[in-house]
>>> print(open('data22.cif').read())   # mmCIF, N, CA and C atoms
data_work
#
loop_
_atom_site.label_atom_id
_atom_site.label_comp_id
_atom_site.auth_asym_id
_atom_site.auth_seq_id
_atom_site.Cartn_x
_atom_site.Cartn_y
_atom_site.Cartn_z
N MET A 1 19.26 6.99 -11.73
CA MET A 1 17.88 6.97 -12.15
C MET A 1 17.34 8.37 -11.93
N ILE A 2 16.52 8.82 -12.85
CA ILE A 2 15.93 10.15 -12.79
C ILE A 2 14.42 10.01 -12.75
N GLY A 3 13.77 10.77 -11.87
CA GLY A 3 12.31 10.76 -11.76
C GLY A 3 11.77 12.17 -11.89
N ALA A 4 10.56 12.30 -12.37
CA ALA A 4 9.93 13.62 -12.54
C ALA A 4 8.44 13.51 -12.24
N ASN A 5 7.83 14.66 -11.99
CA ASN A 5 6.38 14.79 -11.77
C ASN A 5 5.89 14.13 -10.49
N TRP A 6 6.72 14.15 -9.45
CA TRP A 6 6.31 13.70 -8.12
C TRP A 6 5.99 14.93 -7.29
N PRO A 7 5.19 14.79 -6.23
CA PRO A 7 4.93 15.94 -5.36
C PRO A 7 6.21 16.42 -4.68
N ALA A 8 6.46 17.73 -4.72
CA ALA A 8 7.65 18.31 -4.11
C ALA A 8 7.71 17.94 -2.63
N GLY A 9 8.90 17.56 -2.18
CA GLY A 9 9.11 17.21 -0.79
C GLY A 9 8.72 15.78 -0.43
N GLN A 10 8.08 15.07 -1.34
CA GLN A 10 7.65 13.69 -1.09
C GLN A 10 8.88 12.78 -0.97
N LEU A 11 8.84 11.82 -0.08
CA LEU A 11 9.88 10.81 0.03
C LEU A 11 9.49 9.65 -0.87
N VAL A 12 10.40 9.20 -1.72
CA VAL A 12 10.14 8.05 -2.59
C VAL A 12 11.17 6.97 -2.33
N GLN A 13 10.75 5.71 -2.52
CA GLN A 13 11.65 4.57 -2.34
C GLN A 13 11.84 3.90 -3.69
N LEU A 14 13.07 3.51 -3.97
CA LEU A 14 13.41 2.80 -5.20
C LEU A 14 14.00 1.45 -4.82
N VAL A 15 13.56 0.40 -5.52
CA VAL A 15 14.06 -0.94 -5.21
C VAL A 15 13.91 -1.81 -6.45
N THR A 16 14.86 -2.75 -6.62
CA THR A 16 14.81 -3.69 -7.74
C THR A 16 13.95 -4.89 -7.34
N CYS A 17 12.97 -5.23 -8.20
CA CYS A 17 12.04 -6.31 -7.87
C CYS A 17 11.92 -7.30 -9.02
N GLY A 18 11.70 -8.56 -8.67
CA GLY A 18 11.38 -9.59 -9.64
C GLY A 18 9.87 -9.72 -9.75
N GLU A 19 9.44 -10.58 -10.67
CA GLU A 19 8.01 -10.86 -10.90
C GLU A 19 7.17 -9.59 -11.05
N LEU A 20 7.78 -8.58 -11.71
CA LEU A 20 7.11 -7.30 -11.97
C LEU A 20 6.63 -6.60 -10.70
N ALA A 21 7.16 -6.99 -9.55
CA ALA A 21 6.79 -6.43 -8.23
C ALA A 21 5.33 -6.72 -7.88
N LEU A 22 4.70 -7.62 -8.58
CA LEU A 22 3.28 -7.91 -8.33
C LEU A 22 3.02 -8.53 -6.95
N PRO A 23 3.90 -9.43 -6.44
CA PRO A 23 3.63 -9.99 -5.11
C PRO A 23 3.95 -9.03 -3.95
N GLY A 24 4.50 -7.86 -4.26
CA GLY A 24 4.86 -6.92 -3.20
C GLY A 24 6.32 -7.01 -2.83
N SER A 25 6.66 -6.55 -1.63
CA SER A 25 8.07 -6.45 -1.23
C SER A 25 8.77 -7.80 -1.13
N SER A 26 8.01 -8.88 -1.05
CA SER A 26 8.65 -10.20 -0.98
C SER A 26 9.40 -10.55 -2.26
N SER A 27 9.12 -9.83 -3.34
CA SER A 27 9.81 -10.08 -4.60
C SER A 27 10.94 -9.07 -4.85
N CYS A 28 11.22 -8.23 -3.85
CA CYS A 28 12.19 -7.14 -4.04
C CYS A 28 13.45 -7.33 -3.21
N ASP A 29 14.55 -6.76 -3.70
CA ASP A 29 15.82 -6.77 -2.99
C ASP A 29 15.82 -5.61 -2.00
N MET A 30 15.14 -5.80 -0.87
CA MET A 30 14.94 -4.72 0.10
C MET A 30 16.26 -4.28 0.75
N ARG A 31 17.28 -5.15 0.74
CA ARG A 31 18.58 -4.76 1.31
C ARG A 31 19.19 -3.61 0.53
N ALA A 32 18.91 -3.53 -0.77
CA ALA A 32 19.48 -2.48 -1.60
C ALA A 32 18.49 -1.36 -1.88
N ALA A 33 17.35 -1.34 -1.18
CA ALA A 33 16.35 -0.28 -1.38
C ALA A 33 16.96 1.07 -1.02
N LEU A 34 16.50 2.09 -1.71
CA LEU A 34 17.03 3.43 -1.53
C LEU A 34 15.86 4.40 -1.43
N ALA A 35 15.92 5.34 -0.49
CA ALA A 35 14.89 6.37 -0.38
C ALA A 35 15.53 7.73 -0.63
N THR A 36 14.77 8.61 -1.26
CA THR A 36 15.26 9.96 -1.54
C THR A 36 14.09 10.93 -1.52
N ALA A 37 14.38 12.18 -1.24
CA ALA A 37 13.35 13.21 -1.24
C ALA A 37 13.23 13.82 -2.63
N VAL A 38 12.01 14.16 -3.00
CA VAL A 38 11.74 14.82 -4.27
C VAL A 38 12.02 16.31 -4.11
N GLY A 39 12.67 16.89 -5.09
CA GLY A 39 13.01 18.31 -5.06
C GLY A 39 11.81 19.20 -5.30
N ASN A 40 12.01 20.51 -5.17
CA ASN A 40 10.94 21.48 -5.39
C ASN A 40 10.39 21.46 -6.80
N ASP A 41 11.20 20.98 -7.75
CA ASP A 41 10.75 20.90 -9.14
C ASP A 41 10.00 19.61 -9.44
N GLY A 42 9.79 18.75 -8.42
CA GLY A 42 9.07 17.49 -8.63
C GLY A 42 9.94 16.36 -9.13
N GLY A 43 11.27 16.57 -9.12
CA GLY A 43 12.15 15.55 -9.66
C GLY A 43 13.16 15.05 -8.64
N PHE A 44 13.84 13.97 -9.01
CA PHE A 44 14.93 13.43 -8.22
C PHE A 44 15.91 12.74 -9.14
N ALA A 45 17.15 12.60 -8.69
CA ALA A 45 18.19 11.88 -9.42
C ALA A 45 19.02 11.12 -8.39
N VAL A 46 19.13 9.80 -8.58
CA VAL A 46 19.88 8.96 -7.66
C VAL A 46 20.67 7.92 -8.43
N THR A 47 21.68 7.39 -7.78
CA THR A 47 22.41 6.24 -8.31
C THR A 47 21.91 5.03 -7.54
N LEU A 48 21.27 4.12 -8.24
CA LEU A 48 20.69 2.93 -7.63
C LEU A 48 21.56 1.72 -7.92
N THR A 49 21.95 1.00 -6.89
CA THR A 49 22.67 -0.25 -7.07
C THR A 49 21.64 -1.33 -7.37
N VAL A 50 21.77 -1.95 -8.53
CA VAL A 50 20.83 -3.00 -8.93
C VAL A 50 21.27 -4.29 -8.26
N GLY A 51 20.41 -4.80 -7.39
CA GLY A 51 20.71 -6.02 -6.67
C GLY A 51 20.06 -7.23 -7.32
N GLU A 52 20.14 -8.35 -6.63
CA GLU A 52 19.53 -9.59 -7.10
C GLU A 52 18.20 -9.78 -6.37
N PRO A 53 17.08 -9.55 -7.03
CA PRO A 53 15.80 -9.77 -6.36
C PRO A 53 15.63 -11.24 -6.00
N PRO A 54 14.88 -11.54 -4.94
CA PRO A 54 14.70 -12.93 -4.52
C PRO A 54 13.77 -13.74 -5.44
N ARG A 55 13.14 -13.10 -6.38
CA ARG A 55 12.24 -13.79 -7.31
C ARG A 55 12.75 -13.59 -8.74
N PRO A 56 12.33 -14.47 -9.66
CA PRO A 56 12.82 -14.36 -11.04
C PRO A 56 12.25 -13.14 -11.77
N CYS A 57 12.95 -12.75 -12.83
CA CYS A 57 12.46 -11.69 -13.70
C CYS A 57 11.30 -12.24 -14.53
N PRO A 58 10.44 -11.42 -15.06
CA PRO A 58 10.66 -10.05 -15.48
C PRO A 58 10.81 -9.12 -14.28
N CYS A 59 11.81 -8.22 -14.39
CA CYS A 59 12.17 -7.35 -13.27
C CYS A 59 11.83 -5.89 -13.56
N VAL A 60 11.69 -5.14 -12.49
CA VAL A 60 11.39 -3.71 -12.58
C VAL A 60 12.15 -2.98 -11.48
N VAL A 61 12.35 -1.69 -11.68
CA VAL A 61 12.73 -0.82 -10.59
C VAL A 61 11.41 -0.22 -10.12
N HIS A 62 11.05 -0.55 -8.90
CA HIS A 62 9.78 -0.12 -8.31
C HIS A 62 10.03 1.17 -7.55
N VAL A 63 9.36 2.24 -7.96
CA VAL A 63 9.49 3.54 -7.31
C VAL A 63 8.13 3.86 -6.70
N SER A 64 8.12 4.10 -5.38
CA SER A 64 6.83 4.33 -4.72
C SER A 64 6.93 5.47 -3.71
N ALA A 65 5.79 6.15 -3.54
CA ALA A 65 5.69 7.20 -2.54
C ALA A 65 5.70 6.55 -1.16
N VAL A 66 6.41 7.14 -0.22
CA VAL A 66 6.54 6.58 1.13
C VAL A 66 5.63 7.35 2.08
N GLY A 67 4.85 6.59 2.86
CA GLY A 67 4.07 7.19 3.93
C GLY A 67 2.83 7.94 3.54
N THR A 68 2.39 7.83 2.30
CA THR A 68 1.20 8.58 1.89
C THR A 68 -0.05 7.72 1.94
N GLY A 69 0.11 6.41 1.83
CA GLY A 69 -1.04 5.53 1.83
C GLY A 69 -1.85 5.59 0.56
N ASP A 70 -1.39 6.36 -0.45
CA ASP A 70 -2.18 6.46 -1.68
C ASP A 70 -1.81 5.43 -2.72
N GLY A 71 -0.76 4.64 -2.46
CA GLY A 71 -0.40 3.58 -3.38
C GLY A 71 0.25 4.07 -4.66
N GLY A 72 0.65 5.35 -4.75
CA GLY A 72 1.27 5.87 -5.96
C GLY A 72 2.62 5.21 -6.20
N HIS A 73 2.80 4.65 -7.40
CA HIS A 73 4.07 4.03 -7.73
C HIS A 73 4.26 3.98 -9.24
N VAL A 74 5.52 3.76 -9.63
CA VAL A 74 5.89 3.58 -11.04
C VAL A 74 6.82 2.38 -11.09
N ASP A 75 6.62 1.51 -12.08
CA ASP A 75 7.50 0.36 -12.28
C ASP A 75 8.19 0.50 -13.62
N ALA A 76 9.53 0.64 -13.59
CA ALA A 76 10.32 0.77 -14.81
C ALA A 76 10.98 -0.57 -15.11
N PRO A 77 10.67 -1.18 -16.28
CA PRO A 77 11.27 -2.47 -16.63
C PRO A 77 12.80 -2.39 -16.68
N ILE A 78 13.44 -3.47 -16.25
CA ILE A 78 14.89 -3.55 -16.25
C ILE A 78 15.31 -5.00 -16.55
N GLU A 79 16.37 -5.17 -17.32
CA GLU A 79 16.93 -6.49 -17.56
C GLU A 79 18.15 -6.67 -16.66
N ILE A 80 18.18 -7.78 -15.95
CA ILE A 80 19.32 -8.07 -15.08
C ILE A 80 20.03 -9.28 -15.67
N SER A 81 21.17 -9.04 -16.25
CA SER A 81 21.93 -10.06 -16.95
C SER A 81 22.26 -11.22 -16.01
N GLY A 82 21.92 -12.44 -16.43
CA GLY A 82 22.23 -13.63 -15.65
C GLY A 82 21.21 -13.99 -14.59
N HIS A 83 20.22 -13.13 -14.37
CA HIS A 83 19.21 -13.43 -13.35
C HIS A 83 18.14 -14.35 -13.95
N GLN A 84 17.67 -15.28 -13.16
CA GLN A 84 16.66 -16.24 -13.59
C GLN A 84 15.42 -15.53 -14.14
N ILE A 85 14.84 -16.11 -15.17
CA ILE A 85 13.61 -15.57 -15.76
C ILE A 85 12.50 -16.59 -15.56
N GLY A 86 11.35 -16.13 -15.13
CA GLY A 86 10.21 -17.01 -14.89
C GLY A 86 8.95 -16.43 -15.50
N PRO A 87 7.84 -17.13 -15.33
CA PRO A 87 6.59 -16.62 -15.89
C PRO A 87 6.10 -15.40 -15.10
N VAL A 88 5.31 -14.58 -15.76
CA VAL A 88 4.70 -13.43 -15.09
C VAL A 88 3.61 -13.96 -14.17
N PRO A 89 3.67 -13.62 -12.89
CA PRO A 89 2.64 -14.13 -11.97
C PRO A 89 1.28 -13.51 -12.27
N THR A 90 0.25 -14.26 -11.94
CA THR A 90 -1.11 -13.75 -12.09
C THR A 90 -1.36 -12.78 -10.95
N PRO A 91 -1.72 -11.54 -11.28
CA PRO A 91 -1.96 -10.57 -10.20
C PRO A 91 -3.10 -11.02 -9.30
N ALA A 92 -2.90 -10.83 -8.02
CA ALA A 92 -3.96 -11.13 -7.06
C ALA A 92 -5.06 -10.08 -7.19
N ARG A 93 -6.21 -10.43 -6.73
CA ARG A 93 -7.32 -9.49 -6.74
C ARG A 93 -6.96 -8.30 -5.86
N THR A 94 -7.23 -7.10 -6.35
CA THR A 94 -6.93 -5.89 -5.59
C THR A 94 -7.85 -5.80 -4.39
N PRO A 95 -7.28 -5.69 -3.20
CA PRO A 95 -8.14 -5.60 -2.01
C PRO A 95 -8.84 -4.24 -1.96
N ALA A 96 -10.03 -4.24 -1.40
CA ALA A 96 -10.76 -2.99 -1.22
C ALA A 96 -10.06 -2.18 -0.14
N ARG A 97 -10.10 -0.88 -0.29
CA ARG A 97 -9.48 -0.01 0.71
C ARG A 97 -10.52 0.97 1.21
N LEU A 98 -10.79 0.89 2.51
CA LEU A 98 -11.75 1.77 3.14
C LEU A 98 -11.06 2.56 4.24
N ASP A 99 -11.41 3.84 4.34
CA ASP A 99 -10.93 4.67 5.44
C ASP A 99 -12.10 4.93 6.38
N VAL A 100 -11.87 4.78 7.68
CA VAL A 100 -12.90 5.10 8.66
C VAL A 100 -12.89 6.61 8.85
N VAL A 101 -14.01 7.25 8.52
CA VAL A 101 -14.12 8.71 8.61
C VAL A 101 -14.59 9.13 9.99
N GLU A 102 -15.52 8.36 10.56
CA GLU A 102 -16.08 8.69 11.87
C GLU A 102 -16.47 7.40 12.57
N ALA A 103 -16.30 7.34 13.87
CA ALA A 103 -16.73 6.19 14.67
C ALA A 103 -17.21 6.70 16.02
N ARG A 104 -18.35 6.16 16.49
CA ARG A 104 -18.88 6.56 17.79
C ARG A 104 -19.72 5.44 18.36
N LEU A 105 -19.86 5.44 19.67
CA LEU A 105 -20.73 4.48 20.36
C LEU A 105 -22.03 5.18 20.70
N THR A 106 -23.14 4.49 20.45
CA THR A 106 -24.44 5.01 20.87
C THR A 106 -24.99 4.09 21.94
N GLY A 107 -25.96 4.58 22.67
CA GLY A 107 -26.52 3.80 23.77
C GLY A 107 -25.76 4.11 25.04
N GLY A 108 -26.07 3.41 26.05
CA GLY A 108 -25.39 3.68 27.31
C GLY A 108 -25.90 2.73 28.37
N ARG A 109 -25.65 3.09 29.58
CA ARG A 109 -26.07 2.26 30.69
C ARG A 109 -27.56 2.43 30.95
N SER A 110 -28.19 1.33 31.13
CA SER A 110 -29.60 1.37 31.54
C SER A 110 -29.66 0.99 33.02
N PHE A 111 -30.80 1.22 33.61
CA PHE A 111 -30.98 0.84 35.01
C PHE A 111 -30.75 -0.65 35.19
N ALA A 112 -31.22 -1.45 34.21
CA ALA A 112 -31.06 -2.91 34.29
C ALA A 112 -29.58 -3.30 34.26
N ALA A 113 -28.75 -2.52 33.57
CA ALA A 113 -27.33 -2.83 33.51
C ALA A 113 -26.69 -2.70 34.88
N TRP A 114 -27.18 -1.81 35.70
CA TRP A 114 -26.66 -1.67 37.06
C TRP A 114 -26.97 -2.92 37.90
N LEU A 115 -27.96 -3.69 37.46
CA LEU A 115 -28.34 -4.90 38.19
C LEU A 115 -27.79 -6.17 37.53
N GLY A 116 -26.87 -6.00 36.59
CA GLY A 116 -26.22 -7.15 35.99
C GLY A 116 -26.65 -7.48 34.57
N ALA A 117 -27.64 -6.76 34.04
CA ALA A 117 -28.05 -7.01 32.64
C ALA A 117 -26.95 -6.49 31.70
N PRO A 118 -26.91 -7.03 30.49
CA PRO A 118 -25.87 -6.57 29.57
C PRO A 118 -26.09 -5.12 29.13
N HIS A 119 -24.99 -4.44 28.86
CA HIS A 119 -25.07 -3.09 28.30
C HIS A 119 -25.49 -3.21 26.84
N ARG A 120 -26.23 -2.27 26.35
CA ARG A 120 -26.62 -2.25 24.94
C ARG A 120 -25.98 -1.02 24.31
N ARG A 121 -24.93 -1.27 23.55
CA ARG A 121 -24.26 -0.20 22.83
C ARG A 121 -24.11 -0.60 21.38
N THR A 122 -24.11 0.39 20.53
CA THR A 122 -23.97 0.16 19.10
C THR A 122 -22.81 0.99 18.58
N LEU A 123 -21.93 0.35 17.83
CA LEU A 123 -20.84 1.06 17.17
C LEU A 123 -21.37 1.55 15.83
N VAL A 124 -21.36 2.85 15.65
CA VAL A 124 -21.80 3.47 14.40
C VAL A 124 -20.56 4.06 13.74
N TYR A 125 -20.32 3.70 12.49
CA TYR A 125 -19.14 4.22 11.82
C TYR A 125 -19.46 4.59 10.39
N THR A 126 -18.68 5.51 9.87
CA THR A 126 -18.81 5.96 8.48
C THR A 126 -17.48 5.67 7.80
N VAL A 127 -17.54 5.06 6.63
CA VAL A 127 -16.33 4.76 5.88
C VAL A 127 -16.37 5.45 4.53
N ARG A 128 -15.19 5.65 3.98
CA ARG A 128 -15.05 6.24 2.65
C ARG A 128 -14.27 5.26 1.80
N ASN A 129 -14.72 5.05 0.57
CA ASN A 129 -14.02 4.18 -0.36
C ASN A 129 -12.78 4.93 -0.84
N ALA A 130 -11.62 4.54 -0.32
CA ALA A 130 -10.37 5.21 -0.68
C ALA A 130 -9.66 4.48 -1.82
N GLY A 131 -10.25 3.40 -2.29
CA GLY A 131 -9.63 2.64 -3.36
C GLY A 131 -10.20 3.04 -4.72
N THR A 132 -9.79 2.30 -5.73
CA THR A 132 -10.22 2.60 -7.09
C THR A 132 -11.31 1.65 -7.57
N GLN A 133 -11.56 0.58 -6.83
CA GLN A 133 -12.57 -0.36 -7.29
C GLN A 133 -13.94 -0.04 -6.68
N THR A 134 -14.97 -0.34 -7.45
CA THR A 134 -16.34 -0.11 -6.99
C THR A 134 -16.70 -1.18 -5.99
N LEU A 135 -17.30 -0.76 -4.89
CA LEU A 135 -17.72 -1.68 -3.86
C LEU A 135 -19.23 -1.88 -3.96
N SER A 136 -19.67 -3.11 -3.74
CA SER A 136 -21.11 -3.37 -3.77
C SER A 136 -21.48 -4.18 -2.54
N GLY A 137 -22.74 -4.15 -2.20
CA GLY A 137 -23.23 -4.93 -1.07
C GLY A 137 -22.87 -4.33 0.26
N CYS A 138 -22.53 -3.07 0.31
CA CYS A 138 -22.16 -2.42 1.57
C CYS A 138 -23.37 -1.67 2.13
N ARG A 139 -23.49 -1.69 3.43
CA ARG A 139 -24.55 -0.92 4.08
C ARG A 139 -23.97 -0.08 5.16
#
>>> encode(input="data22.cif", output="structure tokens")
Amino acid sequence: MIGANWPAGQLVQLVTCGELALPGSSSCDMRAALATAVGNDGGFAVTLTVGEPPRPCPCVVHVSAVGTGDGGHVDAPIEISGHQIGPVPTPARTPARLDVVEARLTGGRSFAAWLGAPHRRTLVYTVRNAGTQTLSGCR
């Protein structure tokens, strides 16, 4: 398999998956997964052993960036002769992805707290929408 236009030095994982890889790694033959580094030219070339995914086809070779958290991936369709074929699963709703940019506690001990009253502290945090979907109702 040959890949191009990946960030140089990036580690990518290749694995054969059923159900278009929509359910995640549970649909993939993780025993035969292969990882390789991307060259300085943004490309890679590997020999991938096509295994039997645990879920029915339609099947793909799922290529994803490892350790970046950005969710970058490519799915290349593949036919696996003799492997069960099933319906395409309905994709689950994409979960929102938020990164915590800053977190701090405000408030502190009061004189009353020294006498057994509860401490009054507030967690103040700032988040960044790291996903692709628009979020609403956030404060």
>>> atom_distance(input="data22.cif", atom1="atom C of A:Thr134", atom2="atom CA of A:Arg97")
9.9 Å
>>> atom_distance(input="data22.cif", atom1="atom C of A:Leu105", atom2="atom CA of A:Val127")
15.9 Å
>>> closest_residue(input="data22.cif", among="A:Ala33, A:Ala130, A:Met1, A:Cys59", to="A:Asp99", atoms="only C-alpha atoms")
A:Ala130
>>> residues_around(input="data22.cif", residues="stretch 35-37 of chain A", least_positions_apart="5", cutoff="6 Å", atoms="only C-alpha atoms", output="list of chain:residue names")
A:Gly9, A:Gln10, A:Leu11, A:Val12, A:Gln13
>>> resolve_selection(input="data22.cif", expression="the PyMOL selection byres (((chain A and resi 44 and name CA) around 9) and name CA)", output="list in words")
Met1, Ile2, Gly3, Ala4, Trp6, Thr36, Ala37, Val38, Gly39, Asp41, Gly42, Gly43, Ala45 and Val46 of chain A
>>> write_last_selection(input="data22.cif", atoms="N, CA and C atoms", output="short mmCIF file (atom, residue, chain, number, x, y, z; two decimals), in the coordinates of the input")
data_model
loop_
_atom_site.label_atom_id
_atom_site.label_comp_id
_atom_site.auth_asym_id
_atom_site.auth_seq_id
_atom_site.Cartn_x
_atom_site.Cartn_y
_atom_site.Cartn_z
N MET A 1 19.26 6.99 -11.73
CA MET A 1 17.88 6.97 -12.15
C MET A 1 17.34 8.37 -11.93
N ILE A 2 16.52 8.82 -12.85
CA ILE A 2 15.93 10.15 -12.79
C ILE A 2 14.42 10.01 -12.75
N GLY A 3 13.77 10.77 -11.87
CA GLY A 3 12.31 10.76 -11.76
C GLY A 3 11.77 12.17 -11.89
N ALA A 4 10.56 12.30 -12.37
CA ALA A 4 9.93 13.62 -12.54
C ALA A 4 8.44 13.51 -12.24
N TRP A 6 6.72 14.15 -9.45
CA TRP A 6 6.31 13.70 -8.12
C TRP A 6 5.99 14.93 -7.29
N THR A 36 14.77 8.61 -1.26
CA THR A 36 15.26 9.96 -1.54
C THR A 36 14.09 10.93 -1.52
N ALA A 37 14.38 12.18 -1.24
CA ALA A 37 13.35 13.21 -1.24
C ALA A 37 13.23 13.82 -2.63
N VAL A 38 12.01 14.16 -3.00
CA VAL A 38 11.74 14.82 -4.27
C VAL A 38 12.02 16.31 -4.11
N GLY A 39 12.67 16.89 -5.09
CA GLY A 39 13.01 18.31 -5.06
C GLY A 39 11.81 19.20 -5.30
N ASP A 41 11.20 20.98 -7.75
CA ASP A 41 10.75 20.90 -9.14
C ASP A 41 10.00 19.61 -9.44
N GLY A 42 9.79 18.75 -8.42
CA GLY A 42 9.07 17.49 -8.63
C GLY A 42 9.94 16.36 -9.13
N GLY A 43 11.27 16.57 -9.12
CA GLY A 43 12.15 15.55 -9.66
C GLY A 43 13.16 15.05 -8.64
N ALA A 45 17.15 12.60 -8.69
CA ALA A 45 18.19 11.88 -9.42
C ALA A 45 19.02 11.12 -8.39
N VAL A 46 19.13 9.80 -8.58
CA VAL A 46 19.88 8.96 -7.66
C VAL A 46 20.67 7.92 -8.43
#
>>> atom_distance(input="data22.cif", atom1="atom C of A:Gln84", atom2="atom C of A:Val66")
29.7 Å
>>> resolve_selection(input="data22.cif", expression="the PyMOL selection byres ((chain A and resi 64) around 8)", output="list in words")
Leu11, Val12, Gln13, Leu14, Val15, Val61, His62, Val63, Ala65, Val66, Gly67, Thr68, Gly71, Gly72, His73, Val74 and Asp75 of chain A
>>> closest_residue(input="data22.cif", among="A:Val50, A:Leu123, A:Met30, A:Cys57", to="A:Gly18", atoms="all atoms listed in the file")
A:Cys57
>>> decode(input="data22.cif", residues="stretch 46-66 of chain A", atoms="N, CA and C atoms", output="tab-separated table (two decimals), in the first residue's frame")
chain	number	residue	atom	x	y	z
A	46	VAL	N	4.14	0.26	2.25
A	46	VAL	CA	4.19	-0.91	3.11
A	46	VAL	C	3.49	-2.08	2.44
A	47	THR	N	3.82	-3.27	2.90
A	47	THR	CA	3.09	-4.47	2.49
A	47	THR	C	2.17	-4.82	3.65
A	48	LEU	N	0.88	-4.75	3.40
A	48	LEU	CA	-0.12	-5.00	4.43
A	48	LEU	C	-0.74	-6.37	4.22
A	49	THR	N	-0.74	-7.19	5.25
A	49	THR	CA	-1.42	-8.47	5.20
A	49	THR	C	-2.90	-8.21	5.47
A	50	VAL	N	-3.74	-8.57	4.52
A	50	VAL	CA	-5.18	-8.35	4.67
A	50	VAL	C	-5.73	-9.50	5.50
A	51	GLY	N	-6.25	-9.17	6.66
A	51	GLY	CA	-6.80	-10.17	7.56
A	51	GLY	C	-8.31	-10.26	7.43
A	52	GLU	N	-8.90	-11.02	8.33
A	52	GLU	CA	-10.35	-11.18	8.38
A	52	GLU	C	-10.90	-10.27	9.47
A	53	PRO	N	-11.52	-9.16	9.11
A	53	PRO	CA	-12.10	-8.30	10.14
A	53	PRO	C	-13.21	-9.02	10.89
A	54	PRO	N	-13.44	-8.68	12.15
A	54	PRO	CA	-14.47	-9.35	12.94
A	54	PRO	C	-15.89	-8.97	12.55
A	55	ARG	N	-16.06	-8.00	11.69
A	55	ARG	CA	-17.38	-7.57	11.25
A	55	ARG	C	-17.49	-7.74	9.74
A	56	PRO	N	-18.72	-7.82	9.22
A	56	PRO	CA	-18.89	-8.03	7.78
A	56	PRO	C	-18.48	-6.81	6.95
A	57	CYS	N	-18.21	-7.06	5.67
A	57	CYS	CA	-17.93	-5.98	4.73
A	57	CYS	C	-19.25	-5.27	4.43
A	58	PRO	N	-19.23	-4.04	3.96
A	58	PRO	CA	-18.20	-3.41	3.16
A	58	PRO	C	-16.95	-3.12	4.01
A	59	CYS	N	-15.79	-3.42	3.41
A	59	CYS	CA	-14.52	-3.33	4.13
A	59	CYS	C	-13.65	-2.19	3.58
A	60	VAL	N	-12.74	-1.75	4.43
A	60	VAL	CA	-11.80	-0.69	4.07
A	60	VAL	C	-10.45	-1.00	4.70
A	61	VAL	N	-9.41	-0.41	4.13
A	61	VAL	CA	-8.14	-0.33	4.82
A	61	VAL	C	-8.16	1.04	5.47
A	62	HIS	N	-8.16	1.05	6.79
A	62	HIS	CA	-8.26	2.28	7.57
A	62	HIS	C	-6.83	2.73	7.89
A	63	VAL	N	-6.48	3.92	7.42
A	63	VAL	CA	-5.16	4.50	7.66
A	63	VAL	C	-5.37	5.73	8.53
A	64	SER	N	-4.71	5.76	9.69
A	64	SER	CA	-4.93	6.89	10.61
A	64	SER	C	-3.63	7.36	11.23
A	65	ALA	N	-3.60	8.66	11.53
A	65	ALA	CA	-2.46	9.25	12.22
A	65	ALA	C	-2.48	8.74	13.66
A	66	VAL	N	-1.31	8.41	14.19
A	66	VAL	CA	-1.20	7.87	15.55
A	66	VAL	C	-0.71	8.96	16.49
